[in-house]
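Enquirer: My structure is in structure14.cif, and what it holds is mmCIF, C-alpha atoms:
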data_start
loop_
_atom_site.label_atom_id
_atom_site.label_comp_id
_atom_site.auth_asym_id
_atom_site.auth_seq_id
_atom_site.Cartn_x
_atom_site.Cartn_y
_atom_site.Cartn_z
CA MET A 1 0.00 0.00 0.00
CA GLU A 2 1.44 3.38 -1.04
CA LYS A 3 2.15 5.77 1.82
CA LYS A 4 0.12 8.95 2.06
CA SER A 5 2.06 12.05 1.05
CA LYS A 6 3.26 14.24 3.94
CA LYS A 7 4.19 17.91 4.00
CA ILE A 8 6.82 19.05 6.50
CA VAL A 9 7.96 22.61 7.15
CA PHE A 10 11.46 23.18 8.54
CA LEU A 11 12.07 26.61 10.07
CA ILE A 12 15.49 28.15 10.69
CA PRO A 13 16.66 31.78 10.42
CA THR A 14 19.58 31.07 8.07
CA LEU A 15 21.57 28.27 6.47
CA GLN A 16 24.97 29.95 6.74
CA LEU A 17 28.04 28.07 7.96
CA GLY A 18 27.36 26.73 11.48
CA GLY A 19 26.63 23.62 13.52
CA MET A 20 22.88 24.13 13.84
CA GLU A 21 22.66 24.97 10.15
CA ARG A 22 24.65 21.91 9.10
CA VAL A 23 22.33 19.65 11.08
CA MET A 24 19.28 21.24 9.47
CA SER A 25 20.78 20.77 6.00
CA GLU A 26 21.43 17.08 6.72
CA LEU A 27 17.87 16.59 7.93
CA VAL A 28 16.09 18.32 5.04
CA ASN A 29 18.23 16.42 2.55
CA TYR A 30 17.41 13.13 4.29
CA PHE A 31 13.67 13.86 4.37
CA SER A 32 13.70 14.96 0.72
CA LYS A 33 14.83 11.47 -0.33
CA LYS A 34 11.50 10.04 0.81
CA SER A 35 9.24 9.94 -2.23
CA TYR A 36 6.11 10.54 -0.14
CA VAL A 37 7.46 13.59 1.76
CA GLU A 38 7.23 17.16 0.51
CA VAL A 39 9.92 19.25 2.20
CA HIS A 40 9.58 23.00 2.72
CA LEU A 41 12.46 25.03 4.19
CA VAL A 42 11.61 28.51 5.49
CA LEU A 43 14.54 30.93 6.03
CA TYR A 44 13.29 34.03 7.81
CA GLY A 45 16.29 35.66 9.56
CA LYS A 46 18.27 38.75 8.63
CA ARG A 47 20.67 36.75 6.48
CA ARG A 48 19.06 34.06 4.37
CA GLU A 49 22.06 32.67 2.52
CA VAL A 50 22.39 28.92 1.89
CA PHE A 51 25.94 27.67 2.48
CA TYR A 52 25.20 23.96 2.35
CA ASP A 53 24.31 21.86 -0.69
CA LEU A 54 20.58 21.12 -0.77
CA SER A 55 18.53 18.70 -2.82
CA ASP A 56 16.55 20.15 -5.74
CA ASN A 57 13.48 18.48 -4.19
CA ILE A 58 13.45 20.99 -1.31
CA LYS A 59 11.17 23.99 -1.67
CA ILE A 60 12.91 27.03 -0.15
CA HIS A 61 10.89 30.05 1.02
CA LYS A 62 12.29 33.47 2.02
CA PRO A 63 10.64 36.82 2.78
CA GLU A 64 10.62 39.21 -0.15
CA PHE A 65 11.56 42.06 2.19
CA GLY A 66 14.89 42.74 3.88
CA PHE A 67 15.44 43.38 7.58
CA ASP A 68 16.46 46.85 8.74
CA ASP A 69 17.70 46.96 12.35
CA LYS A 70 16.77 50.63 12.57
CA TYR A 71 13.14 49.50 12.48
CA ARG A 72 13.61 46.22 14.32
CA GLY A 73 10.12 46.09 15.83
CA PHE A 74 8.41 46.72 12.51
CA TYR A 75 10.40 44.08 10.65
CA THR A 76 9.99 41.56 13.46
CA VAL A 77 6.22 41.91 13.14
CA ARG A 78 6.51 41.54 9.35
CA THR A 79 8.51 38.37 9.90
CA VAL A 80 5.85 37.00 12.25
CA PHE A 81 3.17 37.54 9.62
CA PHE A 82 5.41 36.08 6.91
CA ILE A 83 5.94 32.84 8.88
CA ARG A 84 2.26 32.55 9.73
CA SER A 85 1.12 33.20 6.16
CA MET A 86 3.67 30.81 4.68
CA VAL A 87 2.72 27.94 7.00
CA LYS A 88 -1.01 28.48 6.46
CA GLY A 89 -0.43 28.37 2.71
CA ILE A 90 1.58 25.14 2.86
CA GLN A 91 -0.79 23.41 5.35
CA PRO A 92 1.87 21.03 6.65
CA ASP A 93 1.45 17.76 8.50
CA SER A 94 4.27 18.75 10.85
CA ILE A 95 6.65 21.64 11.61
CA LEU A 96 10.19 21.57 13.01
CA SER A 97 11.89 24.74 14.30
CA PHE A 98 15.57 25.13 15.32
CA GLY A 99 17.04 27.88 17.51
CA GLU A 100 16.77 28.65 21.22
CA LEU A 101 15.70 32.28 20.75
CA TRP A 102 14.11 31.86 17.34
CA ASN A 103 11.72 29.18 18.61
CA ASN A 104 9.91 31.85 20.60
CA LEU A 105 9.32 33.86 17.42
CA VAL A 106 8.06 30.78 15.57
CA LEU A 107 5.68 29.76 18.36
CA ILE A 108 4.26 33.28 18.53
CA SER A 109 3.86 33.32 14.75
CA LEU A 110 1.92 30.05 14.72
CA MET A 111 -0.14 30.50 17.87
CA GLY A 112 -3.70 29.27 17.47
CA LEU A 113 -3.06 27.29 14.28
CA LYS A 114 -3.86 23.59 14.15
CA TYR A 115 -0.48 22.36 12.92
CA PRO A 116 1.83 20.38 15.27
CA VAL A 117 5.00 22.34 16.04
CA TYR A 118 8.19 20.68 17.27
CA ILE A 119 11.09 22.73 18.61
CA SER A 120 14.74 22.11 19.38
CA ASP A 121 17.30 24.25 21.17
CA ARG A 122 20.80 23.78 19.76
CA CYS A 123 22.92 25.45 22.45
CA LYS A 124 24.40 24.66 25.84
CA PRO A 125 21.29 23.45 27.72
CA ASP A 126 21.86 25.53 30.86
CA LYS A 127 22.60 28.71 28.90
CA SER A 128 21.22 31.82 30.58
CA PHE A 129 18.90 34.17 28.72
CA SER A 130 17.46 37.60 29.40
CA LEU A 131 14.50 37.87 31.77
CA SER A 132 12.12 38.57 28.87
CA GLN A 133 13.36 35.59 26.86
CA ASN A 134 13.11 33.29 29.87
CA LEU A 135 9.52 34.39 30.51
CA LEU A 136 8.65 33.83 26.86
CA ARG A 137 10.21 30.34 26.92
CA LYS A 138 8.27 29.37 30.05
CA TRP A 139 5.04 30.55 28.45
CA LEU A 140 5.59 29.37 24.86
CA TYR A 141 7.64 26.16 25.02
CA PRO A 142 4.94 24.10 26.79
CA ARG A 143 2.62 24.95 23.87
CA ALA A 144 4.85 23.09 21.40
CA THR A 145 3.74 19.58 20.46
CA GLY A 146 7.13 18.22 21.39
CA MET A 147 10.73 19.16 22.07
CA ILE A 148 13.96 17.57 20.89
CA ALA A 149 16.99 17.62 23.20
CA GLN A 150 20.43 16.85 21.83
CA THR A 151 21.66 15.02 24.95
CA LYS A 152 20.37 13.24 28.05
CA LYS A 153 21.73 16.06 30.22
CA ALA A 154 19.81 18.61 28.14
CA LYS A 155 16.59 16.65 28.56
CA ASP A 156 17.04 16.58 32.35
CA ILE A 157 17.57 20.34 32.43
CA TYR A 158 14.55 21.05 30.20
CA GLN A 159 12.31 18.75 32.26
CA LYS A 160 13.32 20.39 35.55
CA ALA A 161 12.48 23.76 33.99
CA ASN A 162 9.07 22.38 32.90
CA LEU A 163 9.65 23.56 29.34
CA ASN A 164 7.65 20.74 27.76
CA LYS A 165 6.05 17.42 28.71
CA ASN A 166 6.98 15.63 25.47
CA ILE A 167 10.79 15.67 25.26
CA VAL A 168 12.96 13.13 23.44
CA VAL A 169 16.72 12.87 23.07
CA ILE A 170 18.02 12.77 19.51
CA GLY A 171 21.68 13.46 18.84
CA ASN A 172 23.06 15.18 15.78
CA PRO A 173 23.62 13.38 12.49
CA ILE A 174 27.33 12.72 11.95
CA ARG A 175 28.37 12.18 8.36
CA GLU A 176 30.64 9.28 7.54
CA ILE A 177 34.22 10.30 6.78
CA LYS A 178 35.93 7.67 4.66
CA THR A 179 39.67 7.06 4.70
CA LYS A 180 41.51 8.24 1.59
CA THR A 181 44.61 6.58 0.18
CA ASP A 182 46.48 9.92 0.02
CA SER A 183 45.76 10.84 3.66
CA ALA A 184 48.97 9.78 5.42
CA LYS A 185 49.18 10.48 9.15
CA GLU A 186 51.65 13.19 10.16
CA ASN A 187 52.03 13.14 13.98
CA ARG A 188 49.45 15.87 14.40
CA VAL A 189 47.07 16.83 17.16
CA ILE A 190 44.12 18.70 15.69
CA SER A 191 41.38 20.84 17.15
CA VAL A 192 38.49 22.51 15.31
CA GLY A 193 36.30 25.39 16.40
CA ARG A 194 35.67 29.11 16.32
CA LEU A 195 38.37 31.12 18.06
CA ILE A 196 36.09 32.23 20.88
CA SER A 197 36.82 32.31 24.59
CA THR A 198 34.66 29.30 25.54
CA LYS A 199 36.77 27.04 23.30
CA HIS A 200 39.83 27.76 25.51
CA PHE A 201 42.41 27.29 22.77
CA ASP A 202 44.85 29.21 24.97
CA GLN A 203 44.76 26.32 27.43
CA LEU A 204 45.25 23.75 24.66
CA ILE A 205 48.26 25.70 23.39
CA GLU A 206 49.69 25.79 26.91
CA ILE A 207 49.14 22.04 27.40
CA PHE A 208 50.73 21.15 24.07
CA SER A 209 53.69 23.47 24.72
CA ARG A 210 54.37 21.74 28.06
CA ILE A 211 54.38 18.31 26.43
CA ASN A 212 57.02 19.61 24.00
CA LYS A 213 57.48 16.63 21.70
CA PRO A 214 59.52 18.03 18.76
CA GLU A 215 58.17 15.55 16.19
CA TRP A 216 54.52 16.55 16.81
CA LYS A 217 52.46 19.53 15.64
CA LEU A 218 49.22 21.09 16.86
CA ILE A 219 46.84 22.37 14.19
CA ILE A 220 43.88 24.57 15.14
CA VAL A 221 41.25 25.01 12.41
CA GLY A 222 38.79 27.87 12.85
CA GLY A 223 38.55 31.64 12.61
CA ASP A 224 37.61 34.63 14.74
CA ALA A 225 33.90 34.98 15.52
CA ILE A 226 31.30 36.97 17.49
CA LYS A 227 33.52 40.07 17.47
CA GLN A 228 36.29 38.32 19.42
CA GLU A 229 39.73 38.87 17.83
CA ASN A 230 41.32 35.96 19.66
CA SER A 231 43.59 34.97 16.78
CA ILE A 232 45.85 37.95 17.62
CA VAL A 233 46.17 36.90 21.27
CA LEU A 234 46.71 33.23 20.40
CA ARG A 235 49.42 34.01 17.84
CA GLN A 236 51.23 36.10 20.44
CA GLN A 237 50.95 33.25 22.94
CA ILE A 238 52.46 30.84 20.39
CA MET A 239 55.34 33.26 19.71
CA ASN A 240 56.01 33.78 23.43
CA ALA A 241 56.24 29.99 23.85
CA GLY A 242 58.63 29.73 20.88
CA MET A 243 56.26 27.26 19.17
CA GLN A 244 55.79 29.00 15.81
CA ASN A 245 57.03 25.88 13.98
CA LYS A 246 54.92 23.47 16.04
CA ILE A 247 51.55 25.17 16.59
CA PHE A 248 49.54 26.54 13.67
CA LEU A 249 46.33 28.55 13.41
CA ASP A 250 44.98 27.57 9.99
CA GLY A 251 41.82 29.70 10.05
CA ASN A 252 38.48 28.69 8.55
CA GLN A 253 38.72 25.74 6.18
CA LYS A 254 35.96 24.31 4.01
CA ASP A 255 37.71 20.93 3.71
CA VAL A 256 38.04 20.09 7.41
CA GLU A 257 37.77 16.40 6.48
CA SER A 258 41.24 16.31 4.93
CA TYR A 259 42.70 17.87 8.09
CA LEU A 260 41.11 15.19 10.25
CA LEU A 261 42.26 12.34 8.02
CA ARG A 262 45.89 13.51 8.19
CA SER A 263 45.86 13.82 11.99
CA ASP A 264 46.32 11.30 14.81
CA ILE A 265 44.49 12.78 17.82
CA PHE A 266 41.61 15.21 18.29
CA ALA A 267 41.84 17.57 21.29
CA PHE A 268 38.85 19.55 22.53
CA THR A 269 38.99 22.14 25.31
CA SER A 270 35.53 23.71 24.93
CA SER A 271 33.54 24.37 28.11
CA SER A 272 30.20 25.25 26.48
CA GLU A 273 28.48 22.96 23.99
CA GLY A 274 25.07 21.71 22.96
CA PHE A 275 26.28 18.76 20.90
CA PRO A 276 29.80 19.21 19.46
CA ASN A 277 29.60 17.92 15.89
CA VAL A 278 33.37 18.23 15.48
CA ILE A 279 33.94 15.47 18.04
CA GLY A 280 31.65 13.17 16.08
CA GLU A 281 33.37 13.99 12.80
CA ALA A 282 36.80 13.40 14.34
CA MET A 283 35.63 10.01 15.59
CA SER A 284 34.17 9.20 12.17
CA ALA A 285 37.62 9.94 10.73
CA GLY A 286 39.08 7.36 13.14
CA LEU A 287 40.64 9.69 15.73
CA PRO A 288 40.74 9.12 19.48
CA VAL A 289 39.47 12.22 21.31
CA VAL A 290 40.71 13.97 24.45
CA ALA A 291 37.98 16.38 25.56
CA TYR A 292 36.76 18.37 28.51
CA ASP A 293 33.64 16.71 29.93
CA CYS A 294 31.58 19.89 29.60
CA VAL A 295 27.91 20.08 30.60
CA ALA A 296 26.52 18.35 27.52
CA GLY A 297 27.75 16.57 24.42
CA PRO A 298 31.13 14.85 24.77
CA SER A 299 29.91 12.20 27.22
CA ASP A 300 27.16 11.18 24.77
CA MET A 301 29.82 10.20 22.23
CA ILE A 302 33.00 9.38 24.13
CA ASP A 303 33.25 6.08 26.00
CA ASP A 304 36.02 7.02 28.42
CA GLY A 305 39.13 4.91 27.93
CA LYS A 306 37.77 3.14 24.85
CA ASN A 307 37.46 5.71 22.06
CA GLY A 308 38.91 8.69 23.90
CA TYR A 309 39.18 10.37 27.28
CA LEU A 310 36.73 12.58 29.15
CA ILE A 311 38.65 15.12 31.21
CA PRO A 312 37.10 16.93 34.20
CA LEU A 313 36.51 20.53 33.19
CA PHE A 314 39.74 22.58 33.34
CA ASP A 315 41.78 19.73 34.86
CA ASN A 316 44.73 20.42 32.58
CA GLU A 317 47.11 18.07 34.39
CA ILE A 318 44.95 15.06 33.48
CA PHE A 319 44.38 16.49 29.99
CA GLU A 320 48.15 16.72 29.50
CA GLU A 321 48.68 13.23 30.90
CA LYS A 322 46.16 11.61 28.51
CA LEU A 323 47.30 13.61 25.49
CA ARG A 324 50.94 12.76 26.20
CA PHE A 325 50.04 9.07 26.59
CA LEU A 326 48.31 8.94 23.21
CA MET A 327 51.16 10.80 21.50
CA LYS A 328 53.59 8.16 22.82
CA ASN A 329 51.50 5.07 22.00
CA GLU A 330 50.69 4.56 18.33
CA GLU A 331 49.02 1.18 18.82
CA VAL A 332 46.64 2.57 21.46
CA ARG A 333 45.78 5.44 19.11
CA LYS A 334 44.94 2.99 16.36
CA GLN A 335 42.79 0.80 18.61
CA MET A 336 40.90 3.76 20.06
CA GLY A 337 40.50 5.32 16.63
CA ALA A 338 39.04 2.13 15.18
CA TYR A 339 36.54 1.90 18.04
CA ALA A 340 35.72 5.60 17.66
CA ARG A 341 34.86 5.08 13.98
CA LYS A 342 32.65 2.11 14.85
CA SER A 343 30.89 3.61 17.88
CA ILE A 344 29.94 6.90 16.20
CA ARG A 345 27.93 5.08 13.50
CA LYS A 346 24.87 5.14 15.75
CA PHE A 347 24.71 8.85 14.90
CA SER A 348 24.63 8.24 11.14
CA VAL A 349 22.48 10.58 9.06
CA GLU A 350 20.13 7.68 8.31
CA ASN A 351 19.66 6.67 11.95
CA ILE A 352 19.23 10.21 13.27
CA GLY A 353 17.08 11.29 10.33
CA GLU A 354 14.72 8.39 10.95
CA GLU A 355 14.46 9.23 14.65
CA PHE A 356 13.45 12.79 13.76
CA TYR A 357 10.98 11.49 11.18
CA LYS A 358 9.26 9.13 13.62
CA PHE A 359 9.00 11.76 16.33
CA ILE A 360 7.68 14.72 14.36
CA LEU A 361 5.23 12.54 12.41
CA SER A 362 4.13 10.38 15.33
CA GLU A 363 0.47 9.64 15.88
CA ASN A 364 -1.80 10.87 18.68
CA LYS A 365 -0.46 14.42 18.61
CA THR A 366 -1.82 17.34 20.52
CA THR A 367 -1.67 20.63 18.70
CA PRO A 368 -0.35 23.89 20.18
CA SER A 369 -2.98 26.01 21.87
#
Have the structure of the file written as structure tokens, please.
Expert:
Amino acid sequence: MEKKSKKIVFLIPTLQLGGMERVMSELVNYFSKKSYVEVHLVLYGKRREVFYDLSDNIKIHKPEFGFDDKYRGFYTVRTVFFIRSMVKGIQPDSILSFGELWNNLVLISLMGLKYPVYISDRCKPDKSFSLSQNLLRKWLYPRATGMIAQTKKAKDIYQKANLNKNIVVIGNPIREIKTKTDSAKENRVISVGRLISTKHFDQLIEIFSRINKPEWKLIIVGGDAIKQENSIVLRQQIMNAGMQNKIFLDGNQKDVESYLLRSDIFAFTSSSEGFPNVIGEAMSAGLPVVAYDCVAGPSDMIDDGKNGYLIPLFDNEIFEEKLRFLMKNEEVRKQMGAYARKSIRKFSVENIGEEFYKFILSENKTTPS
């Protein structure tokens, strides 16, 4: 029996380069492969560019007007009416919205309509917001049909805050990174992330400098962001340590995959995460991971001692000890890397995409009031 056609609306402010945006692109592409699903992607933020490759089967909708911050209130109201009008015109079977602050806007826009709305925050789960945003979340989030948490810790936090009664845990889709014949290992520790303070690259540089193994290099991939010019400070730190030939800031790179495949260990000193995709991608590339056990994310992927090490937050002595151990022991690196590649497959695009599909199109829904 042929399945009944379904319409699904995905809402996100932009599809520029970013973790939340990459996950959304993976999901809409996965859903678009289903012959009985009609996928609509609504981009409603200030910047509506599409960085990621999308299937031709996806119908993309954007406002015809721009957004002028000088008249923020006026254009916010226009955006609310745009979202509401677009959804009413599509008449979807289900709606999925991404973005901890943007979800409030979406829920306001769709208030009173009959369509089931699912929401997902994509940030550190205990992140603090302004008083007004917190009040809006407490009022609006329970009205959503369901909520998707990225980690078990996030679900616990959301439940204690009474944000929603229908919360499930679904991790991020991690794409498979296949080994290439021309990707020889080069005694490299790699880290990937924006050069912002919560990534604590200064501490990673200090740790690596103390280890001081001349045959090894540390490569940091990522650029300045959110008006923090940390690259200047980090370069000065590298110079002061005399490590200019051992530690490299390679900036933003589109082909991060090739960097991972040429490296031996992934190091991660971030203290604030929702679900760090870069850890999953490093594991998919067959790298053991040494990471701070921050509030959410790493512990959902790393099995301590088997495919990497979870380090108590800011315990740099243990971080140095585990990183030094892996740098000295090639066979352990290989064993951990092989297990990392195997264990991360549970987060494949197919597995995660199907979990999203089953949840947002589940039966016996209640609609937002």
Enquirer: Between A:Lys185, A:Glu354, A:Gln237, A:Phe208, which residue has the minimum interatomic distance to Arg333 of chain A, considering only C-alpha atoms?
Expert: A:Lys185
Enquirer: List the residues matched by the PyMOL selection byres ((chain A and resi 186-199) around 6) in the displayed structure as a list in words, ordered by chain and then by residue number.
Expert: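 With the PyMOL selection byres ((chain A and resi 186-199) around 6) on this model, the match is Lys185, His200, Phe201, Trp216, Lys217, Leu218, Ile219, Ile220, Val221, Gly222, Gly223, Asp224, Asn230, Ser263, Asp264, Ile265, Phe266, Ala267, Thr269, Ser270 and Ser271 of chain A.
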Enquirer: I'd like the interatomic distance between atom CA of Ser94 of chain A and atom CA of Ile58 of chain A, to a tenth of an Å.
Expert: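 So the answer is 15.4 Å.
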Enquirer: Please write as number ranges by chain the full residue list that the PyMOL selection byres ((chain A and resi 10) around 7) yields on this file.
Expert: A: 8-9, 11-12, 40-42, 95-97
Enquirer: Excluding Gln335 of chain A and its own-chain neighbours fewer than 2 positions away, which residues fall within 10 Å of it when counting only C-alpha atoms? Please give them as a PDB file with C-alpha atoms, in the frame of the given file.
Expert:
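part_29.pdb, freshly written:
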ATOM      1  CA  GLY A 286      39.080   7.360  13.140  1.00  0.00           C
ATOM      2  CA  LEU A 287      40.640   9.690  15.730  1.00  0.00           C
ATOM      3  CA  PRO A 288      40.740   9.120  19.480  1.00  0.00           C
ATOM      4  CA  LYS A 306      37.770   3.140  24.850  1.00  0.00           C
ATOM      5  CA  ASN A 307      37.460   5.710  22.060  1.00  0.00           C
ATOM      6  CA  GLU A 330      50.690   4.560  18.330  1.00  0.00           C
ATOM      7  CA  GLU A 331      49.020   1.180  18.820  1.00  0.00           C
ATOM      8  CA  VAL A 332      46.640   2.570  21.460  1.00  0.00           C
ATOM      9  CA  ARG A 333      45.780   5.440  19.110  1.00  0.00           C
ATOM     10  CA  GLY A 337      40.500   5.320  16.630  1.00  0.00           C
ATOM     11  CA  ALA A 338      39.040   2.130  15.180  1.00  0.00           C
ATOM     12  CA  TYR A 339      36.540   1.900  18.040  1.00  0.00           C
ATOM     13  CA  ALA A 340      35.720   5.600  17.660  1.00  0.00           C
TER      14      ALA A 340
END
Enquirer: Rounded to one decimal, what separation in Å do you get between atom CA of Arg122 of chain A and atom CA of Phe74 of chain A?
Expert: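 Distance reported for this atom pair: 27.1 Å.
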Enquirer: Neighbours of Thr79 of chain A within 9 Å (only C-alpha atoms; same-chain residues fewer than 5 positions away dropped), as a PyMOL selection string?
Expert: chain A and resi 44-45+63+67+74+84+105+109
Enquirer: Near Gly66 of chain A, counting all atoms listed in the file, which residues have an atom at most 9 Å away, once you skip same-chain residues fewer than 6 positions from it, shown as an NGL selection string?
Expert: :A and (46-47 or 75)
Enquirer: Running the PyMOL selection byres ((chain A and resi 143) around 12) on this model by hand, what would come out? Give it as a PDB file with C-alpha atoms, in the coordinates of the input.
Expert:
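Below is the file that was written, expr_18.pdb:
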ATOM      1  CA  ASN A 103      11.720  29.180  18.610  1.00  0.00           C
ATOM      2  CA  ASN A 104       9.910  31.850  20.600  1.00  0.00           C
ATOM      3  CA  VAL A 106       8.060  30.780  15.570  1.00  0.00           C
ATOM      4  CA  LEU A 107       5.680  29.760  18.360  1.00  0.00           C
ATOM      5  CA  ILE A 108       4.260  33.280  18.530  1.00  0.00           C
ATOM      6  CA  LEU A 110       1.920  30.050  14.720  1.00  0.00           C
ATOM      7  CA  MET A 111      -0.140  30.500  17.870  1.00  0.00           C
ATOM      8  CA  GLY A 112      -3.700  29.270  17.470  1.00  0.00           C
ATOM      9  CA  LEU A 113      -3.060  27.290  14.280  1.00  0.00           C
ATOM     10  CA  LYS A 114      -3.860  23.590  14.150  1.00  0.00           C
ATOM     11  CA  TYR A 115      -0.480  22.360  12.920  1.00  0.00           C
ATOM     12  CA  PRO A 116       1.830  20.380  15.270  1.00  0.00           C
ATOM     13  CA  VAL A 117       5.000  22.340  16.040  1.00  0.00           C
ATOM     14  CA  TYR A 118       8.190  20.680  17.270  1.00  0.00           C
ATOM     15  CA  ILE A 119      11.090  22.730  18.610  1.00  0.00           C
ATOM     16  CA  LEU A 136       8.650  33.830  26.860  1.00  0.00           C
ATOM     17  CA  ARG A 137      10.210  30.340  26.920  1.00  0.00           C
ATOM     18  CA  LYS A 138       8.270  29.370  30.050  1.00  0.00           C
ATOM     19  CA  TRP A 139       5.040  30.550  28.450  1.00  0.00           C
ATOM     20  CA  LEU A 140       5.590  29.370  24.860  1.00  0.00           C
ATOM     21  CA  TYR A 141       7.640  26.160  25.020  1.00  0.00           C
ATOM     22  CA  PRO A 142       4.940  24.100  26.790  1.00  0.00           C
ATOM     23  CA  ALA A 144       4.850  23.090  21.400  1.00  0.00           C
ATOM     24  CA  THR A 145       3.740  19.580  20.460  1.00  0.00           C
ATOM     25  CA  GLY A 146       7.130  18.220  21.390  1.00  0.00           C
ATOM     26  CA  MET A 147      10.730  19.160  22.070  1.00  0.00           C
ATOM     27  CA  ASN A 162       9.070  22.380  32.900  1.00  0.00           C
ATOM     28  CA  LEU A 163       9.650  23.560  29.340  1.00  0.00           C
ATOM     29  CA  ASN A 164       7.650  20.740  27.760  1.00  0.00           C
ATOM     30  CA  LYS A 165       6.050  17.420  28.710  1.00  0.00           C
ATOM     31  CA  ASN A 166       6.980  15.630  25.470  1.00  0.00           C
ATOM     32  CA  THR A 366      -1.820  17.340  20.520  1.00  0.00           C
ATOM     33  CA  THR A 367      -1.670  20.630  18.700  1.00  0.00           C
ATOM     34  CA  PRO A 368      -0.350  23.890  20.180  1.00  0.00           C
ATOM     35  CA  SER A 369      -2.980  26.010  21.870  1.00  0.00           C
TER      36      SER A 369
END
Enquirer: Got a sec: who's within 8 Å of Glu320 of chain A, counting all atoms listed in the file, leaving out chain neighbours fewer than 2 positions off, as a PyMOL selection string?
Expert: chain A and resi 207-208+211+316-318+322-324
Enquirer: Mind dumping the selected residues with C-alpha atoms as a CSV table (one decimal), in the frame of the given file?
Expert:
chain,number,residue,atom,x,y,z
A,207,ILE,CA,49.1,22.0,27.4
A,208,PHE,CA,50.7,21.2,24.1
A,211,ILE,CA,54.4,18.3,26.4
A,316,ASN,CA,44.7,20.4,32.6
A,317,GLU,CA,47.1,18.1,34.4
A,318,ILE,CA,45.0,15.1,33.5
A,322,LYS,CA,46.2,11.6,28.5
A,323,LEU,CA,47.3,13.6,25.5
A,324,ARG,CA,50.9,12.8,26.2
Enquirer: Given all atoms listed in the file as the basis, pick out the residue of A:Val77, A:Val168, A:Ala161, A:Cys123 nearest to Phe356 of chain A.
Expert: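 Closest candidate: A:Val168.
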Enquirer: Measure the distance from atom CA of Ser35 of chain A to atom CA of Val87 of chain A in Å and round it to one decimal.
Expert: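 For atom CA of Ser35 of chain A relative to atom CA of Val87 of chain A, the distance reads 21.3 Å.
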Enquirer: Find the residue from A:Val295, A:Val37, A:Ile170, A:Leu249 that sits nearest to Pro92 of chain A; use only C-alpha atoms when measuring.
Expert: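 With only C-alpha atoms as the atom set, the closest residue is A:Val37.
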Enquirer: Considering all atoms listed in the file, state which residue in the set A:Leu260, A:Ile205, A:Leu15, A:Ala296 is at the smallest distance from Phe248 of chain A.
Expert: A:Ile205
Enquirer: Which of these residues is nearest to Lys152 of chain A, using all atoms listed in the file: A:Asp293, A:Glu215, A:Asp53, A:Asp300?
Expert: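 Using all atoms listed in the file, the shortest distance to Lys152 of chain A belongs to A:Asp300.
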